[in-house]
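A quick write-up on the structure given underneath.
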Amino acid sequence: MYKALTIAGSDSSGGAGIQADIKTMTAHGVYAMSVITALTAQNTTGVTGIMDVSKEFLEEQMDCIFTDIVPDAVKIGMVSSEGLIRSISKKLKQYGAKNVVVDPVMVATSGSRLITEEATSVLKEELFPLADLLTPNIPEAEVIAEIKIETREDMVKAAKMIYNRYGCPVLCKGGHFGNDADDLLYIGGEIHWLKGERLNNPNTHGTGCTLSSAIASNLSKGYSMIEAVKLAKTYVAKAIADNMNLGKGRGPLNHMWKTMQCDDNFIF
């Protein structure tokens, strides 16, 4: 049994955060575990409340995981507290965590900053050097590389800067650009453009969480980084293309599209 751990916040609406991560890992045939960084009150229309866990309790969760069912891969989502970031870093080092995928959730789709400048600095210093892959979107890559990204050439420049600065591969997600959804994977000094079609479905809540969890799932199963990313990108595209429509706002993907394509009599 392959095993993966998500370290992220809870999304009460089930579209993002640990709920999306667990659904994604399960859909990939991977045993999913979670370390919760925060509780959120939210739905498809927005977030109304956030309650962080204490760093002591976060560390206790990580100790319980790594001393018992050791994960084959780790996905890290939104962590807004400097103290929690340092605690995660400490425990990842202590237990020698492998296949660490960091989704640096720093900027909302609207362009609003989600974490403070201080927390961003700690994220860069403590977690990025431990990552086997960073998965920033365009606004986040701009913050990390400290340059404006307006073209594909800018994406390449930013990815190279991030790679050289932190020593880890970078998946720069191009969903904010034009008429396609091409992503750039920069790994080992090589540029890989991964083609993607822009789908006509506004219900994309949790796309970043889902993608990073799918990559971690594939890494836990022994796929190379390039194959893990390609397979994850295909999975997410089909989850969006399923055109599930829930809630009054920007709804979630269908993480279980594979299962729902099976016969009605399908039994787990």
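How things are named: the first chain in the structure tokens is A, the next is B, and so on; residues count from 1 in each chain; ligands count from 1 in the order shown.
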
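Every residue of region 105-169 of chain A found in strand (DSSP E or B) when DSSP is run on the backbone appears here: Val107, Arg113, Leu133, Leu134 and Asn137 of chain A.
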
Listing only residues of region 165-257 of chain A within 12 Å of region 20-44 of chain A, what is the closest atom pair and its distance in Å (to one decimal) for each, using only C-alpha atoms, sorted by chain and residue number ascending, as a Markdown table?
| residue | atom | partner | partner_atom | distance |
| --- | --- | --- | --- | --- |
| A:Pro202 | CA | A:Thr44 | CA | 11.5 |
| A:Asn203 | CA | A:Thr44 | CA | 9.1 |
| A:Thr204 | CA | A:Thr44 | CA | 10.1 |
| A:His205 | CA | A:Thr44 | CA | 7.5 |
| A:Gly206 | CA | A:Ala20 | CA | 6.8 |
| A:Thr207 | CA | A:Ala20 | CA | 8.9 |
| A:Gly208 | CA | A:Ala20 | CA | 9.8 |
| A:Cys209 | CA | A:Asp21 | CA | 6.4 |
| A:Thr210 | CA | A:Asp21 | CA | 5.9 |
| A:Leu211 | CA | A:Thr24 | CA | 8.6 |
| A:Ser212 | CA | A:Asp21 | CA | 8.3 |
| A:Ser213 | CA | A:Asp21 | CA | 5.4 |
| A:Ala214 | CA | A:Thr24 | CA | 6.1 |
| A:Ile215 | CA | A:Met25 | CA | 9.4 |
| A:Ala216 | CA | A:Met25 | CA | 8.3 |
| A:Ser217 | CA | A:Met25 | CA | 5.8 |
| A:Asn218 | CA | A:His28 | CA | 7.7 |
| A:Leu219 | CA | A:Val30 | CA | 10.6 |
| A:Ser220 | CA | A:Val30 | CA | 8.0 |
| A:Lys221 | CA | A:Val30 | CA | 8.1 |
| A:Gly222 | CA | A:Val30 | CA | 11.9 |
| A:Ala228 | CA | A:His28 | CA | 11.5 |
| A:Leu231 | CA | A:His28 | CA | 10.4 |
| A:Ala232 | CA | A:His28 | CA | 9.7 |
| A:Tyr235 | CA | A:Thr24 | CA | 9.2 |
| A:Val236 | CA | A:Thr24 | CA | 9.4 |
| A:Ala239 | CA | A:Thr24 | CA | 10.0 |
| A:Asn245 | CA | A:Thr44 | CA | 10.6 |
| A:Leu246 | CA | A:Thr44 | CA | 8.1 |
| A:Gly247 | CA | A:Thr44 | CA | 5.9 |
| A:Lys248 | CA | A:Thr44 | CA | 6.4 |
| A:Gly249 | CA | A:Thr44 | CA | 4.6 |
| A:Arg250 | CA | A:Thr44 | CA | 5.2 |
| A:Gly251 | CA | A:Thr44 | CA | 5.4 |
| A:Pro252 | CA | A:Thr44 | CA | 7.7 |
| A:Leu253 | CA | A:Ala20 | CA | 8.9 |
| A:Asn254 | CA | A:Lys23 | CA | 9.5 |
| A:His255 | CA | A:Thr24 | CA | 5.9 |
| A:Met256 | CA | A:Ala27 | CA | 6.2 |
| A:Trp257 | CA | A:Ala27 | CA | 8.6 |

### Message
I'd like the contact shell of Lys173 (chain A) - 8 Å cut-off, only C-alpha atoms, skipping same-chain residues fewer than 2 positions apart - returned as number ranges by chain.
### Response
A: 135-138, 171, 175-176, 181-184

Quick one: write out the picked residues with N, CA and C atoms as a compact mmCIF listing (two decimals), in the first residue's frame?
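The new file again32.txt reads:
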# COMPACT_ATOMS: atom_id res chain seq x y z
N THR A 135 4.99 24.17 -6.55
CA THR A 135 3.94 24.27 -7.57
C THR A 135 3.24 25.64 -7.53
N PRO A 136 3.96 26.73 -7.77
CA PRO A 136 3.32 28.06 -7.71
C PRO A 136 2.50 28.36 -8.96
N ASN A 137 1.42 29.13 -8.78
CA ASN A 137 0.75 29.71 -9.95
C ASN A 137 1.49 30.99 -10.33
N ILE A 138 1.02 31.67 -11.34
CA ILE A 138 1.74 32.85 -11.83
C ILE A 138 1.90 33.93 -10.75
N LEU A 171 7.24 23.67 -10.78
CA LEU A 171 6.14 23.57 -11.73
C LEU A 171 5.41 24.91 -11.69
N GLY A 175 -2.14 28.63 -15.73
CA GLY A 175 -3.58 28.78 -15.88
C GLY A 175 -4.07 30.22 -15.92
N HIS A 176 -3.23 31.17 -15.49
CA HIS A 176 -3.64 32.58 -15.50
C HIS A 176 -3.41 33.23 -16.88
N ALA A 181 -3.84 26.22 -21.00
CA ALA A 181 -3.49 25.92 -19.61
C ALA A 181 -2.15 25.20 -19.57
N ASP A 182 -1.20 25.71 -20.36
CA ASP A 182 0.13 25.12 -20.41
C ASP A 182 0.90 25.42 -19.13
N ASP A 183 1.57 24.41 -18.61
CA ASP A 183 2.39 24.56 -17.42
C ASP A 183 3.86 24.36 -17.79
N LEU A 184 4.73 24.93 -16.97
CA LEU A 184 6.17 24.81 -17.19
C LEU A 184 6.80 24.05 -16.03

### Query
In Å to one decimal, how far is CA of Tyr163 (chain A) from CA of Ser87 (chain A)?
23.7 Å

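The interatomic distance for the pair CA of Met225 (chain A) and CA of Cys64 (chain A) works out to 27.8 Å.
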
### Task
Determine the nearest neighbour of Ile226 (chain A) from the options A:Pro169, A:Gly196, A:Pro104, A:Gly17, counting only C-alpha atoms.
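Under the stated criterion, the closest residue is A:Pro169.
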
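The residue that comes closest to Ala145 (chain A), out of A:Ala241, A:Met161, A:Leu130, A:Ile88 and on the basis of only C-alpha atoms, is A:Met161.
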
### Task
Determine the nearest neighbour of Asp52 (chain A) from the options A:Lys98, A:Lys195, A:Asp132, A:Glu82, counting only C-alpha atoms.
A:Glu82

### Task
Can you check which residues of region 9-243 of chain A DSSP gives as helix (DSSP H, G or I) on the backbone and send them as number ranges by chain?
A: 17-27, 55-66, 82-95, 117-130, 138-145, 152-166, 207-220, 225-241

### Query
CA of Thr259 (chain A) and CA of Val70 (chain A) are how many Å apart?
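Going from CA of Thr259 (chain A) over to CA of Val70 (chain A) covers 27.2 Å.
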
### Message
Taking only C-alpha atoms into account, name the residue in A:Tyr166, A:Phe57, A:Tyr223, A:Tyr95 that is nearest to Leu127 (chain A).
### Response
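Answer, going by the shortest atom-to-atom distance: A:Tyr166.
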
### Query
What's the 12 Å shell around Ile187 (chain A), counting only C-alpha atoms, without same-chain residues fewer than 6 positions away, as a list in words?
Asp132, Leu133, Leu134, Val156, Ala159, Lys160, Ile162, Tyr163, Asn164, Gly167, Cys168, Pro169, Val170, Leu171, Cys172, Trp193, Ser224, Met225, Ile226 and Val229 of chain A
